[in-house]
Each structure stands twice: as structure tokens, then as C-alpha cells.
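Read through the structure below, which is laid out as C-alpha cells, and then see the notes.
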Amino acid sequence: MSAQTDPADLPGVTKEQAPAGASPGPGVPGPRRGQGGKDAVRADGKSSEGTVLNVFSHGVLVIWGLLVTMPLLWAVVSSFKDDSEIFGSPWGLPSVLHFDNWSRAWDKANMGQYFLNSLIVVGGSLIGTMLLGAMAAYVLARFDFPGNRFLYFLFVGGMGFPVILALVPLFFVMKNMALLDTYHGLILVYIAYSLPFTVFFLSGFFKTLPTSVAEAALIDGASHTRTFFQVMLPMAKPGLISVGIFNFLGQWNQYLLPTVLNVGDPDKKMLTQGLVALAVSQGYKGDWSGLFAGLTIAMLPVLAAYIIFQRQVVAGLTAGALK
Amino acid sequence: MKHGKYRFIAGFLVLPLAIYAIFVISPFVQAIYYSFTDWTGLSPDMKMVGFDNYARLFTDDVFWSAVGNSVTLLLLLPVVTLSLGLFFAFMLNVGGRRRKKAVIGGVRGSGAYKILYFFPQVLSVPIVALLFQFAYNPESGALNAFFKAIGLDNVQPDWLGDPQIALWCVMAAMVWANVGFYVVLFSAGMSSIPKDFYEAALLDGANRLNTFFRITLPLLWDTVQTGWIYMGILALDVSAFAFVQIMSVGPGGPDYSTEVLPLYVYQKTFRDGQAGYATAIGVSLLIVTLVFSAVVMRLGRRERLEF
């Protein structure tokens with residue numbers, strides 16, 4: 001993308017000009033005193049790199065910002081329209097706010113129930129994933145025993161498997177254990193498929209924690225179990241938060257697993273499944289406004305949660321991916 | 001002490017390992033076994049058929065169209081998504097430099113952009129897929145309405161219904177949903193690059209383009225590579241399945257133009273009752289995934305040696 005800007009700024013890097021901009025020593029505020037931030041940018045624009053590139057890149061940034069927000073706003077606005085408005089003027093504002101769309105989606109289309117189902121399953125599996133993942137990661141990261149490496153790679157290898165390949169046999173494993181269409185069955189499966197990343201990430205994290213603290217606790221007579229729960233887990237809190245956020249987003253948005261394993265009882269659908277079912281059925285019925293309301297119901301809480309916790313989410317996700 | 005240690009290790013590993021073995025490992029092993037049988041998936045009886053399922057793949061046109069679409073996604077999706085992510089992250093962290101005090105910094109409003117760009121990432125795939133499905137709707141969709149509004153009445157593509165462009169429409173939604181994550185990821189990577197490097201480059205008179213290609217990208221290479229693999233797996237597996245399944249018109253799009261491997265596995269199993277054959281397709285998907293990861297790792301290693 002940035003390649004498109006070169007004709008304008010190539011002359012701008014000539015040796016005479018560049019030191020002129022940089023010679024006061026970058027980071028030394030002195031020569032810039034009295035200029036607002038705006039002026040400083042303008043002054044920089046003189047080196048010809050600025051203007052064209054700034055206009056171009058700001059333009060692209062704004063366009064992408066619009067591309068990201070427009071569909072969301074459009075869905076929210078559409079959820080207040082009635083069907084004829086949705087078809088007649090897709091970009092217009094609603095003439096009257098139809099709140100009944102929302103109540104219809106929540107009650108009749110079961111979105112409320114689906115929401116609750118997702119909360120139960122994700123709540124259970126998140127706790128399970130964190131606890132079991134931390135236990136396995138701790139042991140694999142900090143203890144030497146035969147088979148340690150093998151088990152580690154067995155867990156971590158799961159990150160590269162295509163989930164779809166396992167689905168058919170998994171369906172029958174669940175069926176034989178009478179776990180299909182149950183909350184606890186889904187919880188177990190969510191945990192199992194979250195373990196590879198959780199173990200991978202947390203074992204890296206436990207390795208970086210200082211050994212001296214754990215040793216001190218052991219010398220003071222704490223058992224291994226107690227050391228883990230009272231010393232190591234609290235120390236690993238930043239890592240746990242990162243993985244927790246990652247797993248929460250992944251499990252809350254899980255679609256493939258429930259689509260296959262959770263199809264018996266229509267009332268037990270997860271939110272993502274329910275939404276797609278709603279789209280199919282409302283599409284036949286022609287209740288487009290109810291559909292947009294359902295979509296908005298599914299969308300807004302997560303967006304709101306993200307805006308409130310965005311600092312932690314971003315810090316958590318990036319810490320996870322960058323080790 | 002020693003005895004206590006092993007009891008502790010066993011105690012901590014047994015539960016996670018059991019769950020993992022039952023729900024992940026054992027299905028995978030079974031899948032490979034089933035791919036050599038004629039199992040329907042409905043009844044318990046099956047018989048071994050050797051490599052028949054694999055031989056059948058060679059003459060299955062839908063399979064090859066799925067392979068073609070999956071490989072297209074695999075090659076293009078990471079390039080487009082990561083390039084956009086890199087460009088935005090660079091602009092938001094390094095691009096707007098030479099402000100007072102800070103040596104480097106993002107363009108103005110970069111904090112707000114970062115929050116905004118991440119929005120699609122917190123939405124689940126079905127939400128994004130449905131949003132785009134509405135937008136693409138040829139009669140009432142936002143896109144065609146927009147074209148009409150700016151006077152392009154005769155430009156009213158059928159979007160998802162047109163076999164020529166259906167796959168691109170799905171891909172656009174996937175790019176839209178994933179760029180935000182890479183903006184944030186690369187931003188974090190860029191903020192850990194020492195400021196002195198940029199300072200030195202500035203003194204030498206490097207422009208933004210040079211700074212990007214000589215400093216940012218090489219130092220970020222590991223992160224880019226991780227992102228590449230992650231994005232590739234996404235293009236082959238869960239995400240591709242969900243997007244295509246929800247957005248497709250009919251089974252696998254018009255003329256199977258959006259059929260992808262994971263969706264084909266799903267259809268063969270749960271729609272056509274050919275679980276044995278489906279797992280053979282799944283195994284071929286696994287092979288594509290492994291080859292892809294190996295290639296990326298190899299290419300990545302070579303690149304890094306240059307610096």
C-alpha cells in the first residue's frame with residue numbers, strides 16, 4: 001500500500017533536507033517551542049513527504065474507519081425500522097422507532113434464552129479452561145519428568161489440527177457418552193479445544209516466573225499444590241488475564257462446535273447458532289426488522305464490554321500473541 | 001519429597017489430559033481410521049475399503065473446486081489482511097512522527113482509530129457474516145442501494161449470487177473481520193522496537209517508506225510470520241467454514257463457486273451421510289494445512305537470515 005506514495009517523497013529525502021529537519025535533535029523540544037502540535041506537523045510537511053502522504057494516508061485511515069463502523073451503525077438503525085422501510089430506503093433513518101422489533105426478537109425468537117445458554121456454557125468452560133490449562137501448563141513448564149516433552153507437544157500440536165476433521169468422530173464420542181445437547185457436554189468440548197493454546201501460552205508464562213519464590217514457599221513447608229494455588233497462580237495473574245480474554249472471545253463466538261454437537265433441542269442453542277437459525281427462519285417469514293433487532297441484541301453487549309475493557313482486551317491479546 | 005512430586009504431577013495432569021485425549025486426540029485418530037472405510041456415519045456397520053475414498057477424490061469435481069477455493073483463500077487472505085494490518089499499524093504508531101518531544105508516534109487520533117478498528121474482532125463470525133449478507137442483498141442491500149443513490153442504477157451486481165464474484169465477496173467479509181486484530185498485534189510489536197533505531201534512521205534522513213521496509217518490517221518479521229500461519233489456518237478451517245456456510249447462496253454458492261474444504265467435509269457427513277469419504281477429504285485438508293505451515297516457516301527462516 002505504502003508503495004503508492006513514493007514518487008512524492010523520494011525527492012524529500014535528499015541529504016540536504018533531511019538533516020535540516022532532524023538536526024535540532026529529535027526529541028529535543030527546544031526549537032519547536034511556541035508551535036502547536038498542528039504546526040509542527042505542517043512544518044514537517046515542507047519536506048514534501050508530508051502533504052501528499054498525509055492526505056493519502058489519513059484518507060485511507062478515515063475510509064477504513066468508516067468501513068468498520070458503517071455496517072454496525074446500519075444494523076442498529078435498521079433494527080428500529082419496519083420491513084417496508086428496510087426495503088424501501090436501506091440508508092434512510094427510521095420514521096418511527098420500532099422498539100417492538102427488539103421485544104419480538106428477545107421473546108418470540110428466543111434471543112433471550114440463547115443469550116442465557118451462551119452465558120452458562122461460556123462461564124463454565126472459561127473457568128474449566130483456565131483451571132485445567134493452568135494446572136497442566138504449570139506441571140509441564142516447571143517439572144522434569146519422563147514424557148514431559150511428549151505431552152507438551154501433544155497439547156500444543158492441537159493448535160494446528162483442522163477442527164472439522166475431528167467433528168464426525170467427536171459427534172459419536174459425545175453421543176455414546178450421552179453428552180449431545182447438554183450444557184456440560186459442550187463445556188467439556190470447549191475446554192478440550194481451548195487447551196492447546198492455553199497450555200502453550202501459560203507454560204511459556206510459567207517458565208518466565210522466578211523459581212526462588214516457589215522454592216521459598218516449598219522450604220517454608222507448603223505442599224506443591226499449595227504453592228501452586230497460593231504463590232504461582234497469583235504471580236501468573238497477568239498471563240491468566242490474557243489467556244482468559246482470548247478464550248472468552250473464542251468461546252463466546254464459537255460457531256462450528258455447537259453447529260454440529262448441539263442440534264437436538266432448539267431451546268438449548270448458543271447465541272451464534274440461534275442467530276443463524278433466526279436468520280434462516282425470519283428470512284422465510286420475511287421478518288427482516290426482527291432479524292436486525294436480533295443481530296443488534298447479539299452485537300451490542302459485546303461491543304459495550306469491549307469499549308469498557310478495551311485497554312485490558314488489547315493488552316491481553318497482544319501479550320498473548322507476542323509471548 | 002520425590003514421591004510427593006510425582007503424585008503431584010500425576011494429579012495435576014490427569015484431568016486436563018483425559019479431557020484432551022477423549023475429545024481431541026481420539027477423534028483425530030478415529031478420523032484417519034474412518035477415512036479408509038465406507039462408513040455412512042449413521043449406522044455402526046462399515047467395512048475397510050483401503051484407499052478407495054482417496055482414489056475417489058481425484059474424480060470429484062466439487063472436491064477440486066473446493067481445493068481451488070480453499071487455496072485461493074489461503075494465498076490471498078493472509079496477504080491482504082496482513083498488508084492492511086501492517087499499513088494501518090505503521091501509520092498509527094510510526095507514521096505521524098516528528099511531533100514535539102516524541103521521536104516517533106502515530107498520526108493524530110491514532111488511539112481512537114485503534115479502538116475502532118478492533119470492533120469487528122469482538123463480533124462473532126455469524127454476526128459479521130449476516131451483516132455482509134444483508135449488505136450484499138441484491139434488492140434491499142446497502143451496497144446496491146448505495147450504488148443507486150450515487151446514480152449508478154445500472155451497476156447492480158448480484159454479489160453472492162454471481163459465481164464470478166461470490167468468493168471475493170466472502171473474502172472481503174473475512175478481511176473486514178480480521179484486519180483489526182493485526183492492527184493491534186502489530187502495534188504492540190512496533191511499540192517494542194527500540195526508539196533509538198528510529199532516531200538513527202531519522203538522522204540519516206530516512207523517509208517513512210524506508211523506515212518501514214528497513215526497520216519496522218524486519219524487526220517485526222517474527223510476529224508477521226506468526227500472524228501468517230494463524231491467518232492461513234483461519235482460511236482453511238473454522239472461520240472459512242462459518243463464513244461460507246452462512247453467506248453462501250445454496251449449497252456452496254452458485255456453481256460451487258464458494259465451496260471450501262471444511263464446508264465440503266461438513267456437507268458430505270451431515271447432509272449426504274458419507275462420513276468415511278468426508279474424513280478422507282478432511283485428511284487432505286490436514287495435509288494442505290501442514291504443507292502450508294511448513295512452507296511459511298521455511299520462507300520465514302530464509303527471510304530472517306538476510307538481516
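FYI, nothing fancy with the C-alpha cells labels: chains A, B, ... in order, residues from 1 per chain, ligands from 1 as they appear.
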
message = Please check the contacts: residues of chain B at most 7 Å away from chain A, using only C-alpha atoms, listed as number ranges by chain.
response = B: 8-9, 12-13, 16, 19-20, 23-24, 27-28, 30-31, 87, 99-103, 113, 116-117, 119, 122-127, 131, 140-142, 145, 184-185, 188, 199, 202-203, 205-207, 209, 237-238, 242, 262, 279, 282-283, 286

Going by DSSP on the backbone, which residues of segment 107-158 of chain B come out as helix (DSSP H, G or I)? List them as a PyMOL selection string. chain B and resi 110-117+119-122+125-136+142-149

Dump N, CA and C atoms for the selected residues as a compact mmCIF listing (two decimals), in the first residue's frame?
# COMPACT_ATOMS: atom_id res chain seq x y z
N SER B 110 -4.71 8.46 16.71
CA SER B 110 -4.40 7.04 16.50
C SER B 110 -5.03 6.15 17.57
N GLY B 111 -5.15 6.70 18.80
CA GLY B 111 -5.79 5.90 19.85
C GLY B 111 -7.21 5.53 19.48
N ALA B 112 -7.95 6.52 18.98
CA ALA B 112 -9.34 6.28 18.60
C ALA B 112 -9.42 5.29 17.45
N TYR B 113 -8.54 5.45 16.48
CA TYR B 113 -8.53 4.52 15.35
C TYR B 113 -8.32 3.09 15.83
N LYS B 114 -7.38 2.93 16.77
CA LYS B 114 -7.07 1.57 17.24
C LYS B 114 -8.29 0.93 17.88
N ILE B 115 -9.02 1.70 18.69
CA ILE B 115 -10.22 1.16 19.33
C ILE B 115 -11.26 0.78 18.28
N LEU B 116 -11.43 1.68 17.34
CA LEU B 116 -12.45 1.50 16.30
C LEU B 116 -12.15 0.28 15.43
N TYR B 117 -10.91 0.18 15.01
CA TYR B 117 -10.54 -0.87 14.06
C TYR B 117 -10.71 -2.27 14.65
N PHE B 119 -13.18 -3.26 16.49
CA PHE B 119 -14.59 -3.61 16.63
C PHE B 119 -14.96 -4.96 16.01
N PRO B 120 -14.67 -5.18 14.73
CA PRO B 120 -15.14 -6.43 14.10
C PRO B 120 -14.61 -7.66 14.81
N GLN B 121 -13.46 -7.53 15.46
CA GLN B 121 -12.84 -8.68 16.09
C GLN B 121 -13.67 -9.24 17.24
N VAL B 122 -14.39 -8.37 17.94
CA VAL B 122 -15.17 -8.87 19.08
C VAL B 122 -16.52 -9.42 18.64
N VAL B 125 -18.37 -14.54 14.23
CA VAL B 125 -18.41 -14.74 12.79
C VAL B 125 -19.83 -14.71 12.22
N PRO B 126 -20.80 -15.37 12.88
CA PRO B 126 -22.16 -15.29 12.32
C PRO B 126 -22.68 -13.86 12.20
N ILE B 127 -22.37 -13.02 13.19
CA ILE B 127 -22.85 -11.64 13.11
C ILE B 127 -22.25 -10.95 11.88
N VAL B 128 -20.94 -11.08 11.73
CA VAL B 128 -20.28 -10.44 10.59
C VAL B 128 -20.82 -10.99 9.28
N ALA B 129 -20.94 -12.32 9.24
CA ALA B 129 -21.41 -12.95 8.00
C ALA B 129 -22.82 -12.48 7.65
N LEU B 130 -23.69 -12.40 8.65
CA LEU B 130 -25.06 -11.96 8.39
C LEU B 130 -25.11 -10.50 7.97
N LEU B 131 -24.31 -9.67 8.65
CA LEU B 131 -24.24 -8.26 8.28
C LEU B 131 -23.90 -8.11 6.80
N PHE B 132 -22.87 -8.83 6.39
CA PHE B 132 -22.45 -8.71 5.00
C PHE B 132 -23.47 -9.32 4.04
N GLN B 133 -24.12 -10.37 4.51
CA GLN B 133 -25.14 -10.97 3.67
C GLN B 133 -26.25 -9.95 3.36
N PHE B 134 -26.64 -9.20 4.40
CA PHE B 134 -27.65 -8.16 4.18
C PHE B 134 -27.12 -7.08 3.24
N ALA B 135 -25.88 -6.72 3.49
CA ALA B 135 -25.31 -5.63 2.68
C ALA B 135 -25.24 -6.04 1.21
N TYR B 136 -24.99 -7.32 0.97
CA TYR B 136 -24.84 -7.81 -0.41
C TYR B 136 -26.18 -8.09 -1.07
N ALA B 142 -27.48 -2.80 1.35
CA ALA B 142 -26.92 -1.47 1.45
C ALA B 142 -26.03 -1.13 0.25
N LEU B 143 -25.33 -2.10 -0.27
CA LEU B 143 -24.38 -1.82 -1.34
C LEU B 143 -25.07 -1.36 -2.62
N ASN B 144 -26.05 -2.15 -3.05
CA ASN B 144 -26.73 -1.76 -4.28
C ASN B 144 -27.55 -0.49 -4.09
N ALA B 145 -28.08 -0.31 -2.88
CA ALA B 145 -28.80 0.94 -2.60
C ALA B 145 -27.84 2.12 -2.69
N PHE B 146 -26.64 1.92 -2.24
CA PHE B 146 -25.63 2.98 -2.31
C PHE B 146 -25.30 3.31 -3.76
N PHE B 147 -25.12 2.26 -4.57
CA PHE B 147 -24.84 2.48 -5.99
C PHE B 147 -25.97 3.27 -6.65
N LYS B 148 -27.19 2.92 -6.28
CA LYS B 148 -28.35 3.62 -6.84
C LYS B 148 -28.31 5.08 -6.43
N ALA B 149 -28.01 5.29 -5.16
CA ALA B 149 -28.05 6.65 -4.62
C ALA B 149 -27.04 7.55 -5.31

Atom pair atom CA of Met297 of chain B + atom CA of Val224 of chain B, distance 11.2 Å

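Taking only C-alpha atoms into account, Ser239 of chain B lies nearest to B:Ala177 out of the set B:Tyr34, B:Ala177, B:Leu15, B:Leu76.
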
Query - Residue contacts of Ala240 of chain B (9 Å, only C-alpha atoms) excluding same-chain residues fewer than 5 positions away, as a ChimeraX atom specification - result: /B:70,73,170-171,174,234-235,245,260-263

Selection export as an mmCIF file, in the first residue's frame, atoms kept: N, CA, C and O atoms:
data_model
loop_
_atom_site.group_PDB
_atom_site.id
_atom_site.type_symbol
_atom_site.label_atom_id
_atom_site.label_comp_id
_atom_site.auth_asym_id
_atom_site.auth_seq_id
_atom_site.Cartn_x
_atom_site.Cartn_y
_atom_site.Cartn_z
ATOM 1 N N SER B 70 -10.230 -23.052 -1.497
ATOM 2 C CA SER B 70 -9.502 -23.017 -0.231
ATOM 3 C C SER B 70 -8.091 -22.487 -0.433
ATOM 4 O O SER B 70 -7.597 -21.695 0.369
ATOM 5 N N LEU B 73 -8.136 -18.752 -0.970
ATOM 6 C CA LEU B 73 -8.256 -18.079 0.322
ATOM 7 C C LEU B 73 -6.936 -18.119 1.076
ATOM 8 O O LEU B 73 -6.489 -17.126 1.640
ATOM 9 N N VAL B 170 -17.181 -13.073 -0.143
ATOM 10 C CA VAL B 170 -16.955 -13.735 1.136
ATOM 11 C C VAL B 170 -15.597 -13.328 1.687
ATOM 12 O O VAL B 170 -15.438 -13.044 2.880
ATOM 13 N N MET B 171 -14.608 -13.262 0.810
ATOM 14 C CA MET B 171 -13.268 -12.926 1.260
ATOM 15 C C MET B 171 -13.227 -11.510 1.835
ATOM 16 O O MET B 171 -12.554 -11.255 2.834
ATOM 17 N N MET B 174 -14.244 -11.586 5.301
ATOM 18 C CA MET B 174 -13.227 -12.173 6.172
ATOM 19 C C MET B 174 -12.097 -11.184 6.445
ATOM 20 O O MET B 174 -11.581 -11.108 7.557
ATOM 21 N N LEU B 234 -6.902 -20.081 9.754
ATOM 22 C CA LEU B 234 -8.247 -19.499 9.751
ATOM 23 C C LEU B 234 -8.897 -19.666 8.384
ATOM 24 O O LEU B 234 -10.075 -20.000 8.269
ATOM 25 N N ALA B 235 -8.109 -19.441 7.337
ATOM 26 C CA ALA B 235 -8.642 -19.512 5.981
ATOM 27 C C ALA B 235 -9.003 -20.937 5.605
ATOM 28 O O ALA B 235 -9.833 -21.164 4.728
ATOM 29 N N GLN B 245 -20.547 -21.084 5.038
ATOM 30 C CA GLN B 245 -21.807 -21.762 5.312
ATOM 31 C C GLN B 245 -22.941 -20.759 5.476
ATOM 32 O O GLN B 245 -24.049 -20.978 4.999
ATOM 33 N N VAL B 260 -15.706 -24.548 0.025
ATOM 34 C CA VAL B 260 -14.354 -24.698 0.565
ATOM 35 C C VAL B 260 -14.252 -26.048 1.255
ATOM 36 O O VAL B 260 -15.265 -26.668 1.578
ATOM 37 N N LEU B 261 -13.033 -26.486 1.500
ATOM 38 C CA LEU B 261 -12.840 -27.849 2.016
ATOM 39 C C LEU B 261 -13.591 -28.129 3.317
ATOM 40 O O LEU B 261 -14.307 -29.136 3.398
ATOM 41 N N PRO B 262 -13.473 -27.279 4.348
ATOM 42 C CA PRO B 262 -14.180 -27.631 5.585
ATOM 43 C C PRO B 262 -15.686 -27.753 5.395
ATOM 44 O O PRO B 262 -16.313 -28.643 5.978
ATOM 45 N N LEU B 263 -16.261 -26.880 4.561
ATOM 46 C CA LEU B 263 -17.707 -26.958 4.334
ATOM 47 C C LEU B 263 -18.071 -28.251 3.609
ATOM 48 O O LEU B 263 -19.081 -28.886 3.900
#

Atom CA of Asp45 of chain B and atom CA of Lys175 of chain A are how many Å apart?
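Value for the atom CA of Asp45 of chain B-atom CA of Lys175 of chain A distance: 16.2 Å.
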
*Could you check how far atom CA of Asp82 of chain A sits from atom CA of Ser289 of chain A, in Å to one decimal?*
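Separating atom CA of Asp82 of chain A from atom CA of Ser289 of chain A is a distance of 5.7 Å.
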
Using only C-alpha atoms, which of A:Leu278, A:Met130, A:Leu179, A:Leu218 sits nearest Ile245 of chain A?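 With only C-alpha atoms as the atom set, the closest residue is A:Met130.
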
For segment 263-267 of chain A, list every protein, DNA or RNA residue within 10 Å, evaluated using only C-alpha atoms, and leave out those in the same chain fewer than 3 positions away; present the list as a list in words. Asn110, Met111, Gln113, Tyr114, Asn117, Leu180, Asp181, Thr182, Pro258, Thr259, Val260, Met270, Gln273, Gly274 and Ala277 of chain A

Q | Nearby residues (only C-alpha atoms) at most 10 Å from Val79 of chain B, same-chain spacing under 5 positions excluded, as a list in words | A | Leu73, Leu74, Leu84, Gly85, Val175, Trp228, Met231 and Gly232 of chain B
